[in-house]
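Enquirer: Please find one structure pasted underneath; my questions will follow.
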Amino acid sequence: AIRGAIILAKLSIVPVRRGFWGNKINKPHTVPSKVTGKCGSIWVRLIPAPRGTGIVSAPVPKKLLQMAGIEDCYTSARGSTGTLGNFAKATYAAIAKTYSFLTPDLWKETVFQKSPYQEHTDFLSKNHKPLGYQRQEQKQY
């Protein structure tokens, strides 16, 4: 049973993305944006907080957020938070969601290529001379 619990604990490790509130000065200290987690009837919402605020939360999520390395965070919970197991799992789900979305700082650099029409037009304009021009009829009034 102990070995199974150790294996399950190792498989349950998730990366925690941290971010800034306001200016990007020093190291990241809070959650990157508002995230929510749900388990059972409980919804937990983690909200970024300014540096020095600390973790404003009930004891259960506070302990999990401290272990995750988040220094400043506001929390909001809905549902029957007296069910501590579900409260902890909902907090864990919210922490795990921090890496589940892309923000502009994670976007890959876009390399634009010319369309095939533009490539062929450029090639023809450099390497070929026009043979002749089409004559237009002149209107006589």
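All residue names refer to the structure tokens as shown: chains lettered A, B, ... in order, residues numbered from 1 in each chain, ligands numbered from 1 in order.
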Write out as number ranges by chain the set of residues from chain A that DSSP, computed on the backbone, places in alpha helix (DSSP H).

Expert: A: 2-11, 59-68, 84-96, 116-127

Enquirer: According to DSSP computed on the backbone, where in range 48-139 of chain A is there strand (DSSP E or B)? Give the residues as a ChimeraX atom specification.

Expert: /A:48,55-56,73-78

Enquirer: Any idea what's packed within 7 Å of Pro48 in chain A, counting only C-alpha atoms, ignoring anything in its chain fewer than 3 positions away? Could you give it as a list in words?

Expert: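 Counting only C-alpha atoms, the residues come to Trp21, Thr30, Val31, Pro32, Ser33, Lys34, Cys73 and Tyr74 of chain A.
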
Enquirer: Give me the residues near Ile13 in chain A as an MDAnalysis selection string, where near means some atom within 12 Å (using only C-alpha atoms) and where sequence neighbours in that chain fewer than 6 positions away do not count.

Expert: chainID A and resid 6:7 67:68 92:93 95:96

Enquirer: Hey, can you spit out that residue selection with all heavy atoms as a PDB file, in the first residue's frame?

Expert:
```
ATOM      1  N   ILE A   6       3.268   5.886  -2.990  1.00  0.00           N
ATOM      2  CA  ILE A   6       4.452   6.614  -3.473  1.00  0.00           C
ATOM      3  C   ILE A   6       4.398   6.753  -4.993  1.00  0.00           C
ATOM      4  O   ILE A   6       4.653   7.829  -5.546  1.00  0.00           O
ATOM      5  CB  ILE A   6       5.745   5.911  -3.017  1.00  0.00           C
ATOM      6  CG1 ILE A   6       5.907   6.046  -1.503  1.00  0.00           C
ATOM      7  CG2 ILE A   6       6.957   6.480  -3.739  1.00  0.00           C
ATOM      8  CD1 ILE A   6       7.028   5.215  -0.923  1.00  0.00           C
ATOM      9  N   ILE A   7       4.041   5.669  -5.682  1.00  0.00           N
ATOM     10  CA  ILE A   7       3.952   5.711  -7.143  1.00  0.00           C
ATOM     11  C   ILE A   7       2.874   6.697  -7.578  1.00  0.00           C
ATOM     12  O   ILE A   7       3.081   7.509  -8.492  1.00  0.00           O
ATOM     13  CB  ILE A   7       3.679   4.299  -7.702  1.00  0.00           C
ATOM     14  CG1 ILE A   7       4.915   3.423  -7.504  1.00  0.00           C
ATOM     15  CG2 ILE A   7       3.296   4.354  -9.175  1.00  0.00           C
ATOM     16  CD1 ILE A   7       4.686   1.957  -7.773  1.00  0.00           C
ATOM     17  N   MET A  67       3.052  25.038  -0.738  1.00  0.00           N
ATOM     18  CA  MET A  67       3.864  23.940  -1.253  1.00  0.00           C
ATOM     19  C   MET A  67       4.119  24.091  -2.755  1.00  0.00           C
ATOM     20  O   MET A  67       5.143  23.642  -3.256  1.00  0.00           O
ATOM     21  CB  MET A  67       3.180  22.602  -0.974  1.00  0.00           C
ATOM     22  CG  MET A  67       3.272  22.176   0.462  1.00  0.00           C
ATOM     23  SD  MET A  67       2.732  20.504   0.703  1.00  0.00           S
ATOM     24  CE  MET A  67       1.018  20.749   1.083  1.00  0.00           C
ATOM     25  N   ALA A  68       3.191  24.752  -3.473  1.00  0.00           N
ATOM     26  CA  ALA A  68       3.353  24.958  -4.910  1.00  0.00           C
ATOM     27  C   ALA A  68       4.320  26.098  -5.213  1.00  0.00           C
ATOM     28  O   ALA A  68       4.701  26.295  -6.364  1.00  0.00           O
ATOM     29  CB  ALA A  68       2.001  25.240  -5.550  1.00  0.00           C
ATOM     30  N   TYR A  92      -6.011  21.817  -6.044  1.00  0.00           N
ATOM     31  CA  TYR A  92      -5.010  21.137  -6.875  1.00  0.00           C
ATOM     32  C   TYR A  92      -5.367  21.279  -8.355  1.00  0.00           C
ATOM     33  O   TYR A  92      -4.495  21.548  -9.191  1.00  0.00           O
ATOM     34  CB  TYR A  92      -4.936  19.665  -6.471  1.00  0.00           C
ATOM     35  CG  TYR A  92      -3.982  18.843  -7.278  1.00  0.00           C
ATOM     36  CD1 TYR A  92      -2.626  18.829  -6.980  1.00  0.00           C
ATOM     37  CD2 TYR A  92      -4.425  18.068  -8.336  1.00  0.00           C
ATOM     38  CE1 TYR A  92      -1.742  18.063  -7.714  1.00  0.00           C
ATOM     39  CE2 TYR A  92      -3.555  17.310  -9.083  1.00  0.00           C
ATOM     40  CZ  TYR A  92      -2.217  17.302  -8.773  1.00  0.00           C
ATOM     41  OH  TYR A  92      -1.355  16.552  -9.507  1.00  0.00           O
ATOM     42  N   ALA A  93      -6.651  21.118  -8.690  1.00  0.00           N
ATOM     43  CA  ALA A  93      -7.087  21.260 -10.084  1.00  0.00           C
ATOM     44  C   ALA A  93      -6.846  22.677 -10.593  1.00  0.00           C
ATOM     45  O   ALA A  93      -6.438  22.874 -11.746  1.00  0.00           O
ATOM     46  CB  ALA A  93      -8.566  20.892 -10.203  1.00  0.00           C
ATOM     47  N   ILE A  95      -4.516  24.770  -9.485  1.00  0.00           N
ATOM     48  CA  ILE A  95      -3.066  24.938  -9.639  1.00  0.00           C
ATOM     49  C   ILE A  95      -2.593  24.258 -10.922  1.00  0.00           C
ATOM     50  O   ILE A  95      -1.762  24.790 -11.661  1.00  0.00           O
ATOM     51  CB  ILE A  95      -2.326  24.367  -8.407  1.00  0.00           C
ATOM     52  CG1 ILE A  95      -2.615  25.222  -7.174  1.00  0.00           C
ATOM     53  CG2 ILE A  95      -0.828  24.306  -8.653  1.00  0.00           C
ATOM     54  CD1 ILE A  95      -2.132  24.612  -5.880  1.00  0.00           C
ATOM     55  N   ALA A  96      -3.154  23.081 -11.216  1.00  0.00           N
ATOM     56  CA  ALA A  96      -2.754  22.341 -12.419  1.00  0.00           C
ATOM     57  C   ALA A  96      -3.162  23.078 -13.686  1.00  0.00           C
ATOM     58  O   ALA A  96      -2.523  22.926 -14.729  1.00  0.00           O
ATOM     59  CB  ALA A  96      -3.367  20.948 -12.396  1.00  0.00           C
TER      60      ALA A  96
END
```

Enquirer: I'd like to know which of A:Pro28, A:Ala5, A:Tyr99, A:Cys39 is closest to Glu71 in chain A, using only C-alpha atoms.

Expert: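 Once distances to Glu71 in chain A are computed over only C-alpha atoms, the minimum belongs to A:Pro28.
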
Enquirer: Between CA of Pro61 in chain A and CA of Phe87 in chain A, what is the distance in Å, rounded to a tenth?

Expert: 7.5 Å

Enquirer: Tell me which protein, DNA and RNA residues are within 7 Å of Arg78 in chain A, counting only C-alpha atoms, leaving out same-chain ones fewer than 6 positions away, and put them as a VMD selection string.

Expert: chain A and resid 42 to 44

Enquirer: Which residue is closest to Val56 in chain A? Choose from A:Thr81, A:Ser41, A:Ser125, A:Thr75 and count only C-alpha atoms.

Expert: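 Counting only C-alpha atoms, the residue closest to Val56 in chain A is A:Thr75.
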
Enquirer: Using CA of Arg51 in chain A and CA of Lys38 in chain A as the two end points, give the distance in Å to one decimal.

Expert: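 Between CA of Arg51 in chain A and CA of Lys38 in chain A the gap is 26.4 Å.
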
Enquirer: I'd like the contact shell of Val35 in chain A - 7 Å cut-off, only C-alpha atoms, skipping same-chain residues fewer than 5 positions apart - returned as a PyMOL selection string.

Expert: chain A and resi 45-47+94+97-98

Enquirer: Output the selection as a PDB file, in the first residue's frame - N, CA and C atoms for each residue.

Expert:
```pdb
ATOM      1  N   ARG A  45     -11.301  29.418  -6.927  1.00  0.00           N
ATOM      2  CA  ARG A  45     -10.766  30.381  -7.899  1.00  0.00           C
ATOM      3  C   ARG A  45      -9.523  31.018  -7.315  1.00  0.00           C
ATOM      4  N   LEU A  46      -8.438  30.965  -8.076  1.00  0.00           N
ATOM      5  CA  LEU A  46      -7.181  31.605  -7.665  1.00  0.00           C
ATOM      6  C   LEU A  46      -7.035  32.896  -8.459  1.00  0.00           C
ATOM      7  N   ILE A  47      -6.773  33.990  -7.750  1.00  0.00           N
ATOM      8  CA  ILE A  47      -6.707  35.318  -8.360  1.00  0.00           C
ATOM      9  C   ILE A  47      -5.341  35.921  -8.058  1.00  0.00           C
ATOM     10  N   ALA A  94      -7.078  23.672  -9.742  1.00  0.00           N
ATOM     11  CA  ALA A  94      -6.841  25.069 -10.147  1.00  0.00           C
ATOM     12  C   ALA A  94      -5.357  25.318 -10.365  1.00  0.00           C
ATOM     13  N   LYS A  97      -4.216  23.902 -13.626  1.00  0.00           N
ATOM     14  CA  LYS A  97      -4.691  24.628 -14.808  1.00  0.00           C
ATOM     15  C   LYS A  97      -3.795  25.792 -15.199  1.00  0.00           C
ATOM     16  N   THR A  98      -2.832  26.155 -14.371  1.00  0.00           N
ATOM     17  CA  THR A  98      -2.009  27.319 -14.690  1.00  0.00           C
ATOM     18  C   THR A  98      -1.217  27.114 -15.979  1.00  0.00           C
TER      19      THR A  98
END
```

Enquirer: Go ahead and compute the interatomic distance for CA of His29 in chain A and CA of Lys108 in chain A, in Å to one decimal.

Expert: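 Separation of CA of His29 in chain A and CA of Lys108 in chain A: 24.2 Å.
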
Enquirer: Got a sec: who's within 9 Å of Gly69 in chain A, counting only C-alpha atoms, leaving out chain neighbours fewer than 3 positions off, as a ChimeraX atom specification?

Expert: /A:16,18,29-30,64-66
